[in-house]
file upload-v2.pdb (PDB, C-alpha atoms, pLDDT in the B column)
ATOM      1  CA  MET A  27       7.284 -84.790   7.676  1.00 55.00           C
ATOM      2  CA  GLY A  28       5.933 -81.474   8.910  1.00 64.00           C
ATOM      3  CA  PHE A  29       7.328 -77.992   8.827  1.00 68.00           C
ATOM      4  CA  ALA A  30       8.097 -77.858  12.551  1.00 80.00           C
ATOM      5  CA  VAL A  31      11.193 -79.569  13.865  1.00 87.00           C
ATOM      6  CA  GLN A  32      12.931 -79.819  17.221  1.00 90.00           C
ATOM      7  CA  PRO A  33      15.635 -77.077  17.236  1.00 91.00           C
ATOM      8  CA  ILE A  34      19.138 -78.012  18.371  1.00 92.00           C
ATOM      9  CA  PHE A  35      20.838 -75.292  20.394  1.00 93.00           C
ATOM     10  CA  THR A  36      24.611 -75.455  20.822  1.00 94.00           C
ATOM     11  CA  THR A  37      27.181 -73.618  22.891  1.00 95.00           C
ATOM     12  CA  THR A  38      28.813 -72.325  19.722  1.00 95.00           C
ATOM     13  CA  GLN A  39      25.610 -70.532  18.771  1.00 95.00           C
ATOM     14  CA  ALA A  40      25.447 -68.865  22.192  1.00 96.00           C
ATOM     15  CA  ILE A  41      29.079 -67.799  21.916  1.00 97.00           C
ATOM     16  CA  TRP A  42      28.531 -66.261  18.467  1.00 96.00           C
ATOM     17  CA  PHE A  43      25.417 -64.491  19.740  1.00 97.00           C
ATOM     18  CA  ALA A  44      27.422 -62.972  22.601  1.00 97.00           C
ATOM     19  CA  VAL A  45      30.289 -62.006  20.295  1.00 97.00           C
ATOM     20  CA  LEU A  46      28.021 -60.342  17.716  1.00 96.00           C
ATOM     21  CA  LEU A  47      26.005 -58.513  20.346  1.00 97.00           C
ATOM     22  CA  THR A  48      29.118 -57.316  22.165  1.00 97.00           C
ATOM     23  CA  PHE A  49      30.720 -56.186  18.905  1.00 97.00           C
ATOM     24  CA  GLY A  50      27.564 -54.322  17.852  1.00 95.00           C
ATOM     25  CA  VAL A  51      27.231 -52.517  21.175  1.00 96.00           C
ATOM     26  CA  ALA A  52      30.947 -51.661  21.181  1.00 96.00           C
ATOM     27  CA  MET A  53      30.613 -50.137  17.701  1.00 96.00           C
ATOM     28  CA  GLN A  54      27.605 -48.112  18.821  1.00 94.00           C
ATOM     29  CA  LEU A  55      29.484 -46.874  21.870  1.00 94.00           C
ATOM     30  CA  ALA A  56      32.537 -45.974  19.792  1.00 94.00           C
ATOM     31  CA  PHE A  57      30.795 -44.234  16.908  1.00 95.00           C
ATOM     32  CA  SER A  58      27.771 -42.577  18.544  1.00 92.00           C
ATOM     33  CA  PRO A  59      29.264 -40.106  21.027  1.00 93.00           C
ATOM     34  CA  ARG A  60      26.395 -37.621  20.792  1.00 93.00           C
ATOM     35  CA  ARG A  61      23.671 -40.164  21.492  1.00 94.00           C
ATOM     36  CA  ARG A  62      25.838 -41.630  24.262  1.00 94.00           C
ATOM     37  CA  ALA A  63      26.194 -38.135  25.773  1.00 94.00           C
ATOM     38  CA  ILE A  64      22.442 -37.510  25.599  1.00 94.00           C
ATOM     39  CA  MET A  65      21.462 -40.814  27.202  1.00 93.00           C
ATOM     40  CA  GLY A  66      24.443 -41.602  29.407  1.00 93.00           C
ATOM     41  CA  GLY A  67      26.887 -44.413  28.741  1.00 92.00           C
ATOM     42  CA  LEU A  68      25.253 -47.296  30.604  1.00 95.00           C
ATOM     43  CA  LYS A  69      21.713 -46.502  29.493  1.00 95.00           C
ATOM     44  CA  PHE A  70      22.899 -46.100  25.892  1.00 95.00           C
ATOM     45  CA  ALA A  71      24.759 -49.430  25.971  1.00 95.00           C
ATOM     46  CA  LEU A  72      21.726 -51.229  27.404  1.00 95.00           C
ATOM     47  CA  ALA A  73      19.355 -49.649  24.886  1.00 95.00           C
ATOM     48  CA  SER A  74      21.720 -50.498  22.016  1.00 95.00           C
ATOM     49  CA  ALA A  75      21.976 -54.089  23.212  1.00 96.00           C
ATOM     50  CA  LEU A  76      18.190 -54.388  23.409  1.00 95.00           C
ATOM     51  CA  ALA A  77      17.792 -52.930  19.924  1.00 94.00           C
ATOM     52  CA  ALA A  78      20.365 -55.313  18.430  1.00 95.00           C
ATOM     53  CA  ALA A  79      19.428 -58.451  20.372  1.00 96.00           C
ATOM     54  CA  PRO A  80      16.458 -59.646  18.246  1.00 96.00           C
ATOM     55  CA  ALA A  81      18.462 -59.595  15.024  1.00 95.00           C
ATOM     56  CA  ALA A  82      21.548 -61.208  16.554  1.00 96.00           C
ATOM     57  CA  ALA A  83      19.464 -63.860  18.309  1.00 96.00           C
ATOM     58  CA  GLY A  84      17.422 -64.565  15.192  1.00 96.00           C
ATOM     59  CA  VAL A  85      20.484 -65.082  13.029  1.00 94.00           C
ATOM     60  CA  THR A  86      22.722 -66.967  15.434  1.00 95.00           C
ATOM     61  CA  LEU A  87      20.438 -68.778  17.869  1.00 95.00           C
ATOM     62  CA  VAL A  88      17.131 -69.391  16.111  1.00 95.00           C
ATOM     63  CA  ARG A  89      18.335 -69.920  12.562  1.00 95.00           C
ATOM     64  CA  GLY A  90      21.291 -72.029  13.643  1.00 94.00           C
ATOM     65  CA  ALA A  91      19.200 -74.199  15.929  1.00 95.00           C
ATOM     66  CA  TYR A  92      16.472 -74.843  13.358  1.00 94.00           C
ATOM     67  CA  ARG A  93      19.010 -75.437  10.592  1.00 94.00           C
ATOM     68  CA  LEU A  94      20.696 -78.093  12.713  1.00 95.00           C
ATOM     69  CA  GLY A  95      17.306 -79.566  13.592  1.00 94.00           C
ATOM     70  CA  TYR A  96      16.345 -79.875   9.938  1.00 93.00           C
ATOM     71  CA  LEU A  97      19.732 -81.352   9.038  1.00 94.00           C
ATOM     72  CA  GLU A  98      19.400 -83.921  11.835  1.00 93.00           C
ATOM     73  CA  GLU A  99      15.943 -84.784  10.520  1.00 92.00           C
ATOM     74  CA  GLY A 100      17.550 -85.688   7.209  1.00 91.00           C
ATOM     75  CA  ARG A 101      16.655 -82.658   5.125  1.00 91.00           C
ATOM     76  CA  GLY A 102      19.086 -81.437   2.494  1.00 93.00           C
ATOM     77  CA  PHE A 103      21.452 -78.517   2.959  1.00 94.00           C
ATOM     78  CA  TRP A 104      19.433 -76.023   0.905  1.00 96.00           C
ATOM     79  CA  GLU A 105      16.084 -77.101   2.318  1.00 93.00           C
ATOM     80  CA  ALA A 106      17.367 -76.832   5.894  1.00 93.00           C
ATOM     81  CA  ASN A 107      18.759 -73.373   5.229  1.00 94.00           C
ATOM     82  CA  LEU A 108      15.624 -72.079   3.519  1.00 94.00           C
ATOM     83  CA  ARG A 109      13.275 -73.470   6.163  1.00 92.00           C
ATOM     84  CA  SER A 110      15.395 -72.009   8.947  1.00 94.00           C
ATOM     85  CA  VAL A 111      15.137 -68.573   7.297  1.00 95.00           C
ATOM     86  CA  VAL A 112      11.389 -68.618   7.979  1.00 94.00           C
ATOM     87  CA  TRP A 113      11.948 -69.277  11.690  1.00 94.00           C
ATOM     88  CA  MET A 114      14.684 -66.633  11.799  1.00 96.00           C
ATOM     89  CA  SER A 115      12.453 -64.005  10.162  1.00 96.00           C
ATOM     90  CA  GLY A 116       9.616 -64.709  12.573  1.00 96.00           C
ATOM     91  CA  ALA A 117      11.916 -64.553  15.588  1.00 96.00           C
ATOM     92  CA  ILE A 118      13.391 -61.243  14.464  1.00 97.00           C
ATOM     93  CA  PHE A 119       9.966 -59.766  13.717  1.00 97.00           C
ATOM     94  CA  PHE A 120       8.400 -60.765  17.038  1.00 97.00           C
ATOM     95  CA  GLY A 121      11.559 -59.893  18.973  1.00 95.00           C
ATOM     96  CA  GLN A 122      11.566 -56.401  17.518  1.00 95.00           C
ATOM     97  CA  LEU A 123       7.880 -55.994  18.341  1.00 96.00           C
ATOM     98  CA  ALA A 124       8.584 -57.028  21.934  1.00 95.00           C
ATOM     99  CA  VAL A 125      11.498 -54.617  22.250  1.00 95.00           C
ATOM    100  CA  ARG A 126       9.479 -51.794  20.767  1.00 94.00           C
ATOM    101  CA  TYR A 127       6.159 -52.247  22.588  1.00 95.00           C
ATOM    102  CA  LEU A 128       6.614 -54.170  25.871  1.00 94.00           C
ATOM    103  CA  PRO A 129       7.056 -51.720  28.750  1.00 90.00           C
ATOM    104  CA  PRO A 130      10.478 -52.273  30.291  1.00 87.00           C
ATOM    105  CA  MET A 131      12.181 -52.543  26.908  1.00 92.00           C
ATOM    106  CA  ALA A 132       9.951 -50.003  25.170  1.00 94.00           C
ATOM    107  CA  TRP A 133      11.132 -47.205  27.444  1.00 94.00           C
ATOM    108  CA  LEU A 134      14.773 -47.749  26.521  1.00 93.00           C
ATOM    109  CA  SER A 135      13.884 -48.192  22.865  1.00 93.00           C
ATOM    110  CA  ARG A 136      11.944 -44.917  22.921  1.00 94.00           C
ATOM    111  CA  ASP A 137      14.809 -43.084  24.621  1.00 94.00           C
ATOM    112  CA  LEU A 138      17.254 -44.406  22.017  1.00 93.00           C
ATOM    113  CA  ARG A 139      14.991 -43.235  19.168  1.00 94.00           C
ATOM    114  CA  ASN A 140      14.544 -39.827  20.797  1.00 95.00           C
ATOM    115  CA  ALA A 141      18.302 -39.431  21.234  1.00 94.00           C
ATOM    116  CA  GLY A 142      18.797 -40.298  17.566  1.00 92.00           C
ATOM    117  CA  ARG A 143      16.161 -37.767  16.545  1.00 94.00           C
ATOM    118  CA  ALA A 144      17.788 -35.078  18.670  1.00 93.00           C
ATOM    119  CA  VAL A 145      21.189 -35.740  17.104  1.00 93.00           C
ATOM    120  CA  TRP A 146      19.801 -35.670  13.565  1.00 93.00           C
ATOM    121  CA  SER A 147      17.683 -32.599  14.231  1.00 91.00           C
ATOM    122  CA  GLU A 148      20.750 -30.749  15.484  1.00 90.00           C
ATOM    123  CA  ARG A 149      22.859 -32.044  12.583  1.00 89.00           C
ATOM    124  CA  LEU A 150      20.308 -31.073   9.918  1.00 91.00           C
ATOM    125  CA  GLY A 151      19.847 -27.678  11.514  1.00 89.00           C
ATOM    126  CA  ARG A 152      23.580 -27.104  11.353  1.00 88.00           C
ATOM    127  CA  TRP A 153      23.701 -28.245   7.716  1.00 90.00           C
ATOM    128  CA  MET A 154      20.827 -25.960   6.768  1.00 89.00           C
ATOM    129  CA  GLY A 155      22.525 -22.983   8.401  1.00 85.00           C
ATOM    130  CA  LYS A 156      20.052 -22.478  11.240  1.00 76.00           C
ATOM    131  CA  GLN A 157      21.334 -20.812  14.391  1.00 62.00           C
ATOM    132  CA  GLN A 158      21.651 -22.970  17.471  1.00 54.00           C
TER     133      GLN A 158
END

call {"tool": "encode", "arguments": {"input": "upload-v2.pdb", "output": "structure tokens"}}
result
Amino acid sequence: MGFAVQPIFTTTQAIWFAVLLTFGVAMQLAFSPRRRAIMGGLKFALASALAAAPAAAGVTLVRGAYRLGYLEEGRGFWEANLRSVVWMSGAIFFGQLAVRYLPPMAWLSRDLRNAGRAVWSERLGRWMGKQQ
């Protein structure tokens, strides 16, 4: 028995991915009014979704699918969970690299980082008593 296994994707995993991603973007929209104002609502929501997608997909889709694949192969509960963590970590790592460095997504990711820097620069300046 090798390390690789055929992943089993289910509709439930896709639903949880959509729910977690939607919840994360909604929280960003609700609690980041300054970044939303800097970027614009739609652009901010899209950039937030792209930033959160690798983690949500890694946890719900990749880990769940590989865990089910290992369980179907006859592995034990703990072994299936631990092996699926490796696939999840790799998916999150490479997904974040893609979002950060591949051109269409990198532009939104850069704009989101720049908006965050602008908000924190303004906030720290206000805390340190600098004039605006």

call {"tool": "resolve_selection", "arguments": {"input": "upload-v2.pdb", "expression": "the PyMOL selection byres ((chain A and resi 32) around 9)", "output": "MDAnalysis selection string"}}
result
chainID A and resid 30:31 33:34 91:92 95:96 99

call {"tool": "write_last_selection", "arguments": {"input": "upload-v2.pdb", "atoms": "C-alpha atoms", "output": "PDB file, keeping the file's coordinate frame"}}
result
ATOM      1  CA  ALA A  30       8.097 -77.858  12.551  1.00 80.00           C
ATOM      2  CA  VAL A  31      11.193 -79.569  13.865  1.00 87.00           C
ATOM      3  CA  PRO A  33      15.635 -77.077  17.236  1.00 91.00           C
ATOM      4  CA  ILE A  34      19.138 -78.012  18.371  1.00 92.00           C
ATOM      5  CA  ALA A  91      19.200 -74.199  15.929  1.00 95.00           C
ATOM      6  CA  TYR A  92      16.472 -74.843  13.358  1.00 94.00           C
ATOM      7  CA  GLY A  95      17.306 -79.566  13.592  1.00 94.00           C
ATOM      8  CA  TYR A  96      16.345 -79.875   9.938  1.00 93.00           C
ATOM      9  CA  GLU A  99      15.943 -84.784  10.520  1.00 92.00           C
TER      10      GLU A  99
END

call {"tool": "atom_distance", "arguments": {"input": "upload-v2.pdb", "atom1": "atom CA of Leu87 of chain A", "atom2": "atom CA of Val111 of chain A"}}
result
11.8 Å

call {"tool": "resolve_selection", "arguments": {"input": "upload-v2.pdb", "expression": "the PyMOL selection byres ((chain A and resi 129-136) around 9)", "output": "list of chain:residue names"}}
result
A:Lys69, A:Phe70, A:Leu72, A:Ala73, A:Ser74, A:Leu76, A:Ala77, A:Ala124, A:Val125, A:Arg126, A:Tyr127, A:Leu128, A:Asp137, A:Leu138, A:Arg139, A:Asn140, A:Ala141

call {"tool": "resolve_selection", "arguments": {"input": "upload-v2.pdb", "expression": "the PyMOL selection byres ((chain A and resi 85) around 10)", "output": "VMD selection string"}}
result
chain A and resid 39 42 to 43 79 to 84 86 to 91 110 to 111 113 to 115 117 to 118

call {"tool": "closest_residue", "arguments": {"input": "upload-v2.pdb", "among": "A:Met53, A:Val112, A:Met154, A:Ala144", "to": "Ala78 of chain A", "atoms": "only C-alpha atoms"}}
result
A:Met53

call {"tool": "atom_distance", "arguments": {"input": "upload-v2.pdb", "atom1": "atom CA of Leu94 of chain A", "atom2": "atom CA of Ala106 of chain A"}}
result
7.7 Å

call {"tool": "atom_distance", "arguments": {"input": "upload-v2.pdb", "atom1": "atom CA of Thr48 of chain A", "atom2": "atom CA of Arg62 of chain A"}}
result
16.2 Å

call {"tool": "axis_aligned_box", "arguments": {"input": "upload-v2.pdb", "around": "segment 135-140 of chain A", "padding_each_side": "3 Å", "output": "JSON"}}
result
{"center_x": 14.6, "center_y": -44.0, "center_z": 21.9, "size_x": 11.3, "size_y": 14.4, "size_z": 11.5}

call {"tool": "closest_residue", "arguments": {"input": "upload-v2.pdb", "among": "A:Arg149, A:Lys156, A:Arg60, A:Arg93", "to": "Leu108 of chain A", "atoms": "all atoms listed in the file"}}
result
A:Arg93

call {"tool": "closest_residue", "arguments": {"input": "upload-v2.pdb", "among": "A:Leu123, A:Ile41, A:Val145, A:Ala71", "to": "Ala56 of chain A", "atoms": "only C-alpha atoms"}}
result
A:Ala71

call {"tool": "closest_residue", "arguments": {"input": "upload-v2.pdb", "among": "A:Asn107, A:Val45, A:Ser147, A:Gly142", "to": "Met65 of chain A", "atoms": "all atoms listed in the file"}}
result
A:Gly142

call {"tool": "build_atoms", "arguments": {"input": "upload-v2.pdb", "residues": "segment 109-120 of chain A", "atoms": "all heavy atoms", "output": "mmCIF file, in the coordinates of the input"}}
result
data_model
loop_
_atom_site.group_PDB
_atom_site.id
_atom_site.type_symbol
_atom_site.label_atom_id
_atom_site.label_comp_id
_atom_site.auth_asym_id
_atom_site.auth_seq_id
_atom_site.Cartn_x
_atom_site.Cartn_y
_atom_site.Cartn_z
ATOM 1 N N ARG A 109 14.299 -73.349 5.118
ATOM 2 C CA ARG A 109 13.275 -73.470 6.163
ATOM 3 C C ARG A 109 13.678 -72.712 7.424
ATOM 4 O O ARG A 109 12.827 -72.140 8.105
ATOM 5 C CB ARG A 109 13.005 -74.932 6.479
ATOM 6 C CG ARG A 109 12.195 -75.624 5.415
ATOM 7 C CD ARG A 109 11.982 -77.084 5.777
ATOM 8 N NE ARG A 109 11.247 -77.755 4.742
ATOM 9 C CZ ARG A 109 9.982 -78.152 4.872
ATOM 10 N NH1 ARG A 109 9.343 -77.946 5.989
ATOM 11 N NH2 ARG A 109 9.382 -78.762 3.877
ATOM 12 N N SER A 110 14.958 -72.713 7.746
ATOM 13 C CA SER A 110 15.395 -72.009 8.947
ATOM 14 C C SER A 110 15.279 -70.491 8.782
ATOM 15 O O SER A 110 15.140 -69.775 9.767
ATOM 16 C CB SER A 110 16.827 -72.400 9.306
ATOM 17 O OG SER A 110 17.743 -71.953 8.329
ATOM 18 N N VAL A 111 15.309 -70.008 7.541
ATOM 19 C CA VAL A 111 15.137 -68.573 7.297
ATOM 20 C C VAL A 111 13.741 -68.119 7.743
ATOM 21 O O VAL A 111 13.575 -67.008 8.261
ATOM 22 C CB VAL A 111 15.396 -68.236 5.809
ATOM 23 C CG1 VAL A 111 14.900 -66.854 5.462
ATOM 24 C CG2 VAL A 111 16.866 -68.360 5.493
ATOM 25 N N VAL A 112 12.751 -68.965 7.565
ATOM 26 C CA VAL A 112 11.389 -68.618 7.979
ATOM 27 C C VAL A 112 11.332 -68.441 9.495
ATOM 28 O O VAL A 112 10.774 -67.465 10.002
ATOM 29 C CB VAL A 112 10.388 -69.696 7.510
ATOM 30 C CG1 VAL A 112 8.999 -69.415 8.049
ATOM 31 C CG2 VAL A 112 10.391 -69.788 5.990
ATOM 32 N N TRP A 113 11.932 -69.383 10.229
ATOM 33 C CA TRP A 113 11.948 -69.277 11.690
ATOM 34 C C TRP A 113 12.736 -68.048 12.139
ATOM 35 O O TRP A 113 12.343 -67.349 13.071
ATOM 36 C CB TRP A 113 12.543 -70.539 12.305
ATOM 37 C CG TRP A 113 11.673 -71.733 12.163
ATOM 38 C CD1 TRP A 113 11.832 -72.755 11.276
ATOM 39 C CD2 TRP A 113 10.501 -72.024 12.902
ATOM 40 N NE1 TRP A 113 10.819 -73.668 11.433
ATOM 41 C CE2 TRP A 113 9.994 -73.247 12.426
ATOM 42 C CE3 TRP A 113 9.823 -71.379 13.929
ATOM 43 C CZ2 TRP A 113 8.844 -73.828 12.950
ATOM 44 C CZ3 TRP A 113 8.680 -71.966 14.450
ATOM 45 C CH2 TRP A 113 8.205 -73.177 13.958
ATOM 46 N N MET A 114 13.860 -67.788 11.473
ATOM 47 C CA MET A 114 14.684 -66.633 11.799
ATOM 48 C C MET A 114 13.895 -65.339 11.594
ATOM 49 O O MET A 114 13.886 -64.457 12.456
ATOM 50 C CB MET A 114 15.937 -66.616 10.933
ATOM 51 C CG MET A 114 16.798 -65.383 11.101
ATOM 52 S SD MET A 114 18.058 -65.206 9.837
ATOM 53 C CE MET A 114 17.071 -64.776 8.421
ATOM 54 N N SER A 115 13.218 -65.223 10.465
ATOM 55 C CA SER A 115 12.453 -64.005 10.162
ATOM 56 C C SER A 115 11.359 -63.777 11.187
ATOM 57 O O SER A 115 11.148 -62.648 11.642
ATOM 58 C CB SER A 115 11.847 -64.103 8.763
ATOM 59 O OG SER A 115 12.848 -64.276 7.806
ATOM 60 N N GLY A 116 10.657 -64.833 11.556
ATOM 61 C CA GLY A 116 9.616 -64.709 12.573
ATOM 62 C C GLY A 116 10.177 -64.306 13.917
ATOM 63 O O GLY A 116 9.610 -63.460 14.620
ATOM 64 N N ALA A 117 11.303 -64.891 14.301
ATOM 65 C CA ALA A 117 11.916 -64.553 15.588
ATOM 66 C C ALA A 117 12.369 -63.095 15.612
ATOM 67 O O ALA A 117 12.171 -62.396 16.610
ATOM 68 C CB ALA A 117 13.096 -65.481 15.866
ATOM 69 N N ILE A 118 12.955 -62.637 14.522
ATOM 70 C CA ILE A 118 13.391 -61.243 14.464
ATOM 71 C C ILE A 118 12.195 -60.302 14.520
ATOM 72 O O ILE A 118 12.193 -59.315 15.260
ATOM 73 C CB ILE A 118 14.247 -60.988 13.209
ATOM 74 C CG1 ILE A 118 15.586 -61.710 13.321
ATOM 75 C CG2 ILE A 118 14.470 -59.493 12.996
ATOM 76 C CD1 ILE A 118 16.399 -61.695 12.041
ATOM 77 N N PHE A 119 11.156 -60.617 13.756
ATOM 78 C CA PHE A 119 9.966 -59.766 13.717
ATOM 79 C C PHE A 119 9.321 -59.662 15.099
ATOM 80 O O PHE A 119 9.062 -58.554 15.600
ATOM 81 C CB PHE A 119 8.963 -60.315 12.703
ATOM 82 C CG PHE A 119 7.676 -59.558 12.645
ATOM 83 C CD1 PHE A 119 7.625 -58.317 12.046
ATOM 84 C CD2 PHE A 119 6.521 -60.077 13.204
ATOM 85 C CE1 PHE A 119 6.431 -57.602 12.005
ATOM 86 C CE2 PHE A 119 5.336 -59.381 13.166
ATOM 87 C CZ PHE A 119 5.286 -58.133 12.564
ATOM 88 N N PHE A 120 9.062 -60.795 15.734
ATOM 89 C CA PHE A 120 8.400 -60.765 17.038
ATOM 90 C C PHE A 120 9.315 -60.229 18.135
ATOM 91 O O PHE A 120 8.852 -59.586 19.075
ATOM 92 C CB PHE A 120 7.841 -62.141 17.394
ATOM 93 C CG PHE A 120 6.646 -62.499 16.559
ATOM 94 C CD1 PHE A 120 6.711 -63.535 15.652
ATOM 95 C CD2 PHE A 120 5.470 -61.780 16.651
ATOM 96 C CE1 PHE A 120 5.616 -63.861 14.858
ATOM 97 C CE2 PHE A 120 4.372 -62.081 15.875
ATOM 98 C CZ PHE A 120 4.444 -63.133 14.975
#
